[in-house]
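This is final24.tsv (TSV, C-alpha atoms).
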```
chain	number	residue	atom	x	y	z
H	1297	ILE	CA	124.76	-72.87	62.47
H	1298	GLU	CA	121.14	-72.81	61.46
H	1299	GLY	CA	118.13	-75.00	61.89
H	1300	LYS	CA	114.50	-75.32	62.88
H	1301	VAL	CA	113.09	-77.10	65.90
H	1302	MET	CA	109.47	-77.91	66.76
H	1303	VAL	CA	108.70	-78.56	70.43
H	1304	GLN	CA	105.48	-79.75	72.06
H	1305	ALA	CA	104.68	-78.93	75.69
H	1306	LEU	CA	101.98	-80.24	77.98
H	1307	VAL	CA	100.64	-77.40	80.14
H	1308	ASP	CA	98.82	-78.35	83.35
H	1309	THR	CA	95.73	-76.79	84.94
H	1310	LEU	CA	97.89	-74.24	86.81
H	1311	GLY	CA	99.72	-73.06	83.67
H	1312	ALA	CA	103.00	-74.89	84.34
H	1313	VAL	CA	104.84	-76.94	81.72
H	1314	VAL	CA	104.89	-80.57	82.86
H	1315	ASP	CA	106.26	-82.34	79.77
H	1316	VAL	CA	108.33	-81.31	76.76
H	1317	GLN	CA	109.02	-83.30	73.59
H	1318	VAL	CA	110.99	-82.38	70.48
H	1319	LEU	CA	108.70	-83.21	67.56
H	1320	GLY	CA	110.88	-82.19	64.67
H	1321	SER	CA	114.34	-80.85	64.04
H	1322	THR	CA	116.93	-80.26	61.38
H	1323	GLY	CA	119.27	-82.47	63.38
H	1324	GLU	CA	121.32	-80.01	65.47
H	1325	VAL	CA	121.24	-81.50	68.97
H	1326	ARG	CA	122.36	-78.24	70.62
H	1327	LEU	CA	119.45	-76.37	69.08
H	1328	GLU	CA	117.02	-79.05	70.29
H	1329	GLU	CA	118.42	-78.80	73.82
H	1330	VAL	CA	118.16	-75.00	74.06
H	1331	SER	CA	114.67	-75.02	72.52
H	1332	ALA	CA	113.42	-77.56	75.06
H	1333	ALA	CA	115.10	-75.65	77.91
H	1334	ALA	CA	113.36	-72.43	76.82
H	1335	VAL	CA	109.95	-74.11	76.77
H	1336	TRP	CA	110.51	-75.59	80.26
H	1337	LYS	CA	110.91	-72.00	81.57
H	1338	CYS	CA	107.54	-70.82	80.20
H	1339	ARG	CA	104.49	-70.15	82.35
H	1340	PHE	CA	100.98	-69.75	80.97
H	1341	ARG	CA	97.51	-68.72	82.00
H	1342	PRO	CA	95.56	-71.94	82.48
H	1343	PHE	CA	93.49	-73.02	79.50
H	1344	LYS	CA	89.81	-73.10	80.41
H	1345	ARG	CA	87.09	-75.10	78.72
H	1346	ASP	CA	83.61	-73.99	79.83
H	1347	GLY	CA	85.24	-72.13	82.73
H	1348	VAL	CA	87.08	-75.22	84.00
H	1349	PRO	CA	90.90	-75.33	83.85
H	1350	SER	CA	92.16	-78.10	81.58
H	1351	GLU	CA	95.51	-79.54	80.49
H	1352	VAL	CA	96.48	-78.55	76.97
H	1353	TYR	CA	99.29	-79.19	74.49
H	1354	ALA	CA	101.11	-76.23	72.97
H	1355	VAL	CA	103.47	-76.36	69.99
H	1356	PHE	CA	106.44	-74.00	69.59
H	1357	ARG	CA	108.56	-73.50	66.49
H	1358	PHE	CA	112.08	-72.11	66.72
H	1359	ALA	CA	114.22	-70.96	63.82
H	1360	PHE	CA	117.94	-70.40	64.43
H	1361	ARG	CA	120.58	-68.67	62.36
H	1362	ILE	CA	123.81	-68.17	64.32
H	1363	TYR	CA	126.79	-66.44	62.74
H	1364	ASP	CA	130.38	-66.79	63.90
```
Would you write out, as structure tokens, the structure that this file holds?
Amino acid sequence: IEGKVMVQALVDTLGAVVDVQVLGSTGEVRLEEVSAAAVWKCRFRPFKRDGVPSEVYAVFRFAFRIYD
């Protein structure tokens, strides 16, 4: 099984992921699900604009090649 998945996450002012969307995929639903689940587990340092924490979107790209 192989494929690529692109996931977008909205990160809040505390660095927590508050929304996840699959933007692009090669069509393997299982790979989309595990990619989104991985992004939900992430924590970040808050993005700051002029010293003020701000929400920000982050994009992640996953490439899978699984051999049986």
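Picture a line from atom CA of H:Leu1319 to atom CA of H:Phe1340; it runs 20.5 Å.
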Item to check | Shell around H:Phe1360 at 12 Å using all atoms listed in the file, local window under 4 positions removed, as an MDAnalysis selection string | outcome: chainID H and resid 1297:1302 1321:1322 1324 1326:1328 1330:1331
Checklist outcome for this item: atom CA of H:Asp1308 to atom CA of H:Gly1323 measures 28.9 Å
Item to check | For H:Ala1333, the nearest of the candidates H:Gly1311, H:Arg1361, H:Val1355, H:Val1316, counting all atoms listed in the file | outcome: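 Counting all atoms listed in the file, the residue closest to H:Ala1333 is H:Val1316.
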Distance query H:Pro1342 at most 7 Å, only C-alpha atoms, self and fewer than 3 positions along chain excluded, as a tab-separated table (two decimals) with C-alpha atoms, in the frame of the given file:
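out-v2.tsv, written as the output of this step:
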```tsv
chain	number	residue	atom	x	y	z
H	1309	THR	CA	95.73	-76.79	84.94
H	1310	LEU	CA	97.89	-74.24	86.81
H	1311	GLY	CA	99.72	-73.06	83.67
H	1349	PRO	CA	90.90	-75.33	83.85
```
